[in-house]
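Peer 1: This is the structure, below, for whatever I ask next.
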Amino acid sequence: MFDGSGNLAIFLICLGPFLFFLLFFILRVFKVIPEYERAVVFTLGKFTGIRNPGLTLIFPIIQRLQRVDMRLATAEVPRQEVMTKDNIPMLVNAVVYFRVIDPEAVIIKIEDYIFAIRQYTQAALRDVIGNNEMDTVLMERIQIAEAIREIVDAETSDWGVDIESIKIQEMELPAEMKRAMARQAEAERERRAAIIASQGELEASKNLRMAADEMASSPGALHLRTLQTIRDISSDPSEKIVLFMPSDLAVMADVYLKQKGS
């Protein structure tokens with residue numbers, strides 16, 4: 001009984017390295033590729049194909065597998081100082097949204113495609129903003145970002161990357177420029193307020209002239225307006241003295257003076 005147990009122990013000890021090697025071989029040979037990845041396979045250093053998601057077989061030593069993420073990714077362009085066409089410095093940062101469309105090209109043609117996208121976007125951002133004035137950059141941010149995207153996408157398409165969009169997150173101006181823009185905005189608001197007030201006065205003067213012409217052509221309307229004014233004055237409890245005089249008193253006085261002078 002003791003001899004049998006000893007033989008079993010020796011057998012397990014001898015079998016252990018073999019089982020370990022077998023498990024290691026299985027892990028090296030069989031690979032599972034997720035749905036969001038593609039695997040680029042090299043055989044003896046040469047590209048031999050792309051493996052789709054699922055279970056795949058790789059021969060150790062002679063074959064090497066490199067995974068590529070096919071999901072939408074982002075690359076942040078750090079804040080940098082950019083000079084506009086009218087020589088105004090701006091601090092600008094952006095984010096690039098891209099997706100790998102050719103796993104073979106993105107592995108073989110370029111070493112680090114994320115770093116390359118970030119650097120190329122920085123250069124394109126300087127070029128596009130440098131060819132536009134500050135007001136254009138501030139008012140047409142979406143168009144500026146689209147122009148940068150077209151430049152970057154035209155270059156990175158050979159790398160197997162598709163640039164989905166570029167978003168300019170922040171544009172910071174110098175403090176002196178911010179104060180100048182605030183004063184300009186305040187002056188613009190005051191100008192608009194003055195124009196609106198003058199337009200109101202013009203409309204009021206037109207209406208008053210039309211009312212005066214209407215009353216002059218209708219003595220009854222003028223008389224009613226006078227009575228309404230007297231009623232408004234009498235409703236006020238403040239102390240006042242009201243003297244009523246005929247509306248044609250001035251005419252009568254003028255005629256009397258002319259007769260006396262003759």
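Please note that chains go A, B, ... in the order of the structure tokens, that every chain numbers its residues from 1, and that ligands are numbered from 1 in the order shown.
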Give me the residues within 7 Å of Pro53 in chain A as a list in words, counting only C-alpha atoms and dropping any in the same chain fewer than 3 places off.
Peer 2: Ile33, Pro34, Glu35, Glu37 and Arg38 of chain A
Peer 1: DSSP on the backbone: what in range 60-199 of chain A comes out strand (DSSP E or B), as a ChimeraX atom specification?
Peer 2: /A:63-69,73-83,89-100,161-172
Peer 1: Using N, CA and C atoms, can you export the residues from the last selection as a CSV table (one decimal), in the first residue's frame?
Peer 2:
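Saved file selection01.csv follows:
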chain,number,residue,atom,x,y,z
A,63,GLN,N,4.6,32.8,-34.8
A,63,GLN,CA,3.5,33.8,-35.0
A,63,GLN,C,3.4,34.7,-33.8
A,64,ARG,N,3.0,35.9,-34.2
A,64,ARG,CA,2.8,37.0,-33.1
A,64,ARG,C,1.5,37.7,-33.5
A,65,LEU,N,0.7,38.0,-32.4
A,65,LEU,CA,-0.6,38.6,-32.6
A,65,LEU,C,-0.6,40.0,-31.9
A,66,GLN,N,-1.0,41.0,-32.6
A,66,GLN,CA,-1.1,42.3,-32.0
A,66,GLN,C,-2.5,42.8,-32.2
A,67,ARG,N,-3.1,43.2,-31.0
A,67,ARG,CA,-4.5,43.6,-31.0
A,67,ARG,C,-4.7,45.1,-31.3
A,68,VAL,N,-5.8,45.5,-31.9
A,68,VAL,CA,-6.1,46.8,-32.3
A,68,VAL,C,-7.6,47.1,-31.8
A,69,ASP,N,-7.8,48.2,-31.1
A,69,ASP,CA,-9.1,48.5,-30.6
A,69,ASP,C,-9.8,49.3,-31.7
A,73,ALA,N,-12.3,56.5,-30.1
A,73,ALA,CA,-11.3,56.9,-29.1
A,73,ALA,C,-11.2,58.4,-29.2
A,74,THR,N,-10.5,58.9,-28.1
A,74,THR,CA,-10.3,60.4,-28.0
A,74,THR,C,-8.8,60.7,-27.8
A,75,ALA,N,-8.4,61.8,-28.3
A,75,ALA,CA,-7.0,62.3,-28.1
A,75,ALA,C,-7.1,63.7,-27.7
A,76,GLU,N,-6.7,64.1,-26.6
A,76,GLU,CA,-6.8,65.5,-26.1
A,76,GLU,C,-5.6,66.3,-26.6
A,77,VAL,N,-5.9,67.4,-27.2
A,77,VAL,CA,-4.8,68.3,-27.6
A,77,VAL,C,-4.6,69.3,-26.5
A,78,PRO,N,-3.4,69.3,-25.9
A,78,PRO,CA,-3.2,70.2,-24.7
A,78,PRO,C,-3.3,71.6,-25.1
A,79,ARG,N,-3.5,72.5,-24.0
A,79,ARG,CA,-3.7,73.9,-24.3
A,79,ARG,C,-2.4,74.5,-24.8
A,80,GLN,N,-2.5,75.3,-25.8
A,80,GLN,CA,-1.3,75.9,-26.4
A,80,GLN,C,-1.6,77.3,-26.8
A,81,GLU,N,-0.6,78.2,-26.9
A,81,GLU,CA,-0.8,79.6,-27.3
A,81,GLU,C,-0.8,79.6,-28.9
A,82,VAL,N,-1.8,80.2,-29.4
A,82,VAL,CA,-1.9,80.4,-30.9
A,82,VAL,C,-2.1,81.9,-31.2
A,83,MET,N,-1.4,82.3,-32.3
A,83,MET,CA,-1.5,83.7,-32.7
A,83,MET,C,-2.4,83.8,-33.9
A,89,PRO,N,-2.8,86.9,-29.2
A,89,PRO,CA,-2.5,85.5,-28.7
A,89,PRO,C,-3.8,84.9,-28.1
A,90,MET,N,-4.0,83.6,-28.3
A,90,MET,CA,-5.1,82.9,-27.7
A,90,MET,C,-4.6,81.6,-27.1
A,91,LEU,N,-5.1,81.2,-26.0
A,91,LEU,CA,-4.9,79.8,-25.5
A,91,LEU,C,-6.0,78.9,-25.9
A,92,VAL,N,-5.7,77.9,-26.6
A,92,VAL,CA,-6.7,77.0,-27.2
A,92,VAL,C,-6.4,75.5,-26.9
A,93,ASN,N,-7.4,74.8,-26.5
A,93,ASN,CA,-7.3,73.3,-26.4
A,93,ASN,C,-8.5,72.7,-27.1
A,94,ALA,N,-8.2,71.4,-27.5
A,94,ALA,CA,-9.3,70.7,-28.3
A,94,ALA,C,-9.2,69.2,-28.0
A,95,VAL,N,-10.2,68.5,-28.5
A,95,VAL,CA,-10.3,67.1,-28.4
A,95,VAL,C,-10.6,66.5,-29.7
A,96,VAL,N,-9.9,65.4,-30.1
A,96,VAL,CA,-10.1,64.7,-31.4
A,96,VAL,C,-10.8,63.4,-31.1
A,97,TYR,N,-11.9,63.2,-31.9
A,97,TYR,CA,-12.6,61.9,-31.8
A,97,TYR,C,-12.3,61.1,-33.1
A,98,PHE,N,-11.7,59.9,-32.9
A,98,PHE,CA,-11.3,59.2,-34.1
A,98,PHE,C,-11.6,57.7,-33.9
A,99,ARG,N,-11.5,57.0,-35.0
A,99,ARG,CA,-11.8,55.5,-35.0
A,99,ARG,C,-10.9,54.8,-36.0
A,100,VAL,N,-10.3,53.7,-35.6
A,100,VAL,CA,-9.5,52.9,-36.5
A,100,VAL,C,-10.4,52.1,-37.5
A,161,VAL,N,-6.9,55.5,-40.1
A,161,VAL,CA,-7.7,56.2,-39.0
A,161,VAL,C,-8.7,57.1,-39.7
A,162,ASP,N,-9.9,57.2,-39.1
A,162,ASP,CA,-10.9,58.1,-39.6
A,162,ASP,C,-11.2,59.1,-38.5
A,163,ILE,N,-11.1,60.4,-38.8
A,163,ILE,CA,-11.3,61.4,-37.8
A,163,ILE,C,-12.8,61.7,-37.8
A,164,GLU,N,-13.5,61.4,-36.7
A,164,GLU,CA,-14.9,61.6,-36.6
A,164,GLU,C,-15.3,63.1,-36.5
A,165,SER,N,-14.6,63.8,-35.5
A,165,SER,CA,-14.9,65.2,-35.3
A,165,SER,C,-13.8,65.7,-34.4
A,166,ILE,N,-13.7,67.1,-34.4
A,166,ILE,CA,-12.8,67.8,-33.5
A,166,ILE,C,-13.5,68.9,-32.8
A,167,LYS,N,-13.4,68.9,-31.5
A,167,LYS,CA,-14.2,69.9,-30.7
A,167,LYS,C,-13.2,70.8,-30.0
A,168,ILE,N,-13.3,72.1,-30.3
A,168,ILE,CA,-12.5,73.1,-29.6
A,168,ILE,C,-13.2,73.4,-28.2
A,169,GLN,N,-12.6,73.0,-27.2
A,169,GLN,CA,-13.2,73.1,-25.9
A,169,GLN,C,-13.1,74.5,-25.3
A,170,GLU,N,-12.0,75.2,-25.4
A,170,GLU,CA,-11.8,76.5,-24.7
A,170,GLU,C,-10.9,77.4,-25.5
A,171,MET,N,-11.3,78.7,-25.5
A,171,MET,CA,-10.5,79.7,-26.1
A,171,MET,C,-10.3,80.8,-25.1
A,172,GLU,N,-9.1,81.0,-24.6
A,172,GLU,CA,-8.9,82.0,-23.6
A,172,GLU,C,-8.1,83.2,-24.2
Peer 1: Select, from A:Val32, A:Ile50, A:Ile101, A:Ile129, the residue with the minimum atom-to-atom distance to Leu72 in chain A, counting only C-alpha atoms.
Peer 2: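 Of the candidates, the smallest distance to Leu72 in chain A is held by A:Ile101.
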Peer 1: Run DSSP on the backbone and give me the residues of range 111-145 of chain A it puts in helix (DSSP H, G or I), as a PyMOL selection string.
Peer 2: chain A and resi 113-130+134-139+141-145
Peer 1: Would you write out those residues with N, CA and C atoms, as a short mmCIF file (atom, residue, chain, number, x, y, z; two decimals), in the first residue's frame?
Peer 2:
data_model
loop_
_atom_site.label_atom_id
_atom_site.label_comp_id
_atom_site.auth_asym_id
_atom_site.auth_seq_id
_atom_site.Cartn_x
_atom_site.Cartn_y
_atom_site.Cartn_z
N TYR A 113 -0.01 55.86 -33.49
CA TYR A 113 -0.96 56.67 -34.24
C TYR A 113 -1.67 57.69 -33.35
N ILE A 114 -1.87 57.39 -32.07
CA ILE A 114 -2.53 58.35 -31.18
C ILE A 114 -1.64 59.58 -30.97
N PHE A 115 -0.37 59.36 -30.72
CA PHE A 115 0.56 60.48 -30.56
C PHE A 115 0.66 61.28 -31.85
N ALA A 116 0.68 60.58 -33.00
CA ALA A 116 0.78 61.28 -34.28
C ALA A 116 -0.46 62.12 -34.56
N ILE A 117 -1.63 61.60 -34.23
CA ILE A 117 -2.87 62.37 -34.43
C ILE A 117 -2.85 63.63 -33.57
N ARG A 118 -2.41 63.50 -32.33
CA ARG A 118 -2.37 64.66 -31.43
C ARG A 118 -1.41 65.73 -31.97
N GLN A 119 -0.23 65.30 -32.41
CA GLN A 119 0.75 66.27 -32.91
C GLN A 119 0.29 66.92 -34.21
N TYR A 120 -0.30 66.16 -35.10
CA TYR A 120 -0.75 66.72 -36.37
C TYR A 120 -1.92 67.68 -36.15
N THR A 121 -2.77 67.38 -35.19
CA THR A 121 -3.88 68.28 -34.89
C THR A 121 -3.37 69.60 -34.32
N GLN A 122 -2.35 69.56 -33.50
CA GLN A 122 -1.76 70.78 -32.98
C GLN A 122 -1.26 71.68 -34.11
N ALA A 123 -0.57 71.07 -35.07
CA ALA A 123 -0.05 71.86 -36.20
C ALA A 123 -1.18 72.43 -37.04
N ALA A 124 -2.20 71.63 -37.32
CA ALA A 124 -3.34 72.11 -38.11
C ALA A 124 -4.10 73.21 -37.38
N LEU A 125 -4.21 73.09 -36.06
CA LEU A 125 -4.91 74.10 -35.27
C LEU A 125 -4.18 75.44 -35.36
N ARG A 126 -2.86 75.42 -35.28
CA ARG A 126 -2.10 76.67 -35.40
C ARG A 126 -2.27 77.28 -36.78
N ASP A 127 -2.24 76.46 -37.82
CA ASP A 127 -2.36 76.97 -39.18
C ASP A 127 -3.72 77.60 -39.44
N VAL A 128 -4.79 76.91 -39.04
CA VAL A 128 -6.14 77.40 -39.34
C VAL A 128 -6.44 78.67 -38.55
N ILE A 129 -6.16 78.67 -37.25
CA ILE A 129 -6.43 79.85 -36.44
C ILE A 129 -5.51 81.01 -36.85
N GLY A 130 -4.29 80.69 -37.24
CA GLY A 130 -3.36 81.75 -37.67
C GLY A 130 -3.77 82.43 -38.95
N MET A 134 -9.34 87.30 -34.95
CA MET A 134 -9.88 86.88 -33.66
C MET A 134 -11.41 86.83 -33.68
N ASP A 135 -12.06 87.84 -34.27
CA ASP A 135 -13.52 87.85 -34.29
C ASP A 135 -14.07 86.65 -35.04
N THR A 136 -13.42 86.27 -36.14
CA THR A 136 -13.86 85.10 -36.91
C THR A 136 -13.70 83.82 -36.11
N VAL A 137 -12.59 83.71 -35.40
CA VAL A 137 -12.34 82.50 -34.60
C VAL A 137 -13.37 82.37 -33.48
N LEU A 138 -13.72 83.49 -32.84
CA LEU A 138 -14.67 83.44 -31.73
C LEU A 138 -16.09 83.18 -32.20
N MET A 139 -16.48 83.75 -33.33
CA MET A 139 -17.86 83.62 -33.79
C MET A 139 -18.10 82.35 -34.60
N ARG A 141 -16.58 79.14 -34.34
CA ARG A 141 -15.79 78.06 -33.73
C ARG A 141 -16.06 76.72 -34.40
N ILE A 142 -17.32 76.46 -34.73
CA ILE A 142 -17.67 75.18 -35.36
C ILE A 142 -17.02 75.06 -36.73
N GLN A 143 -17.06 76.14 -37.52
CA GLN A 143 -16.44 76.11 -38.84
C GLN A 143 -14.93 75.95 -38.74
N ILE A 144 -14.32 76.59 -37.74
CA ILE A 144 -12.87 76.44 -37.55
C ILE A 144 -12.53 74.99 -37.21
N ALA A 145 -13.31 74.39 -36.31
CA ALA A 145 -13.07 72.99 -35.94
C ALA A 145 -13.26 72.06 -37.14
#
Peer 1: If you count only C-alpha atoms, which residues fall within 8 Å of Glu133 in chain A, apart from same-chain ones fewer than 6 positions away, as a list in words?
Peer 2: Thr84, Lys85 and Asp86 of chain A
Peer 1: Restricted to C-alpha atoms, what would the selected residues look like written as an mmCIF file, in the first residue's frame?
Peer 2:
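In the end it all went to out36.cif:
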data_model
loop_
_atom_site.group_PDB
_atom_site.id
_atom_site.type_symbol
_atom_site.label_atom_id
_atom_site.label_comp_id
_atom_site.auth_asym_id
_atom_site.auth_seq_id
_atom_site.Cartn_x
_atom_site.Cartn_y
_atom_site.Cartn_z
ATOM 1 C CA THR A 84 -4.383 84.892 -34.812
ATOM 2 C CA LYS A 85 -4.099 86.735 -38.127
ATOM 3 C CA ASP A 86 -4.477 90.101 -36.383
#
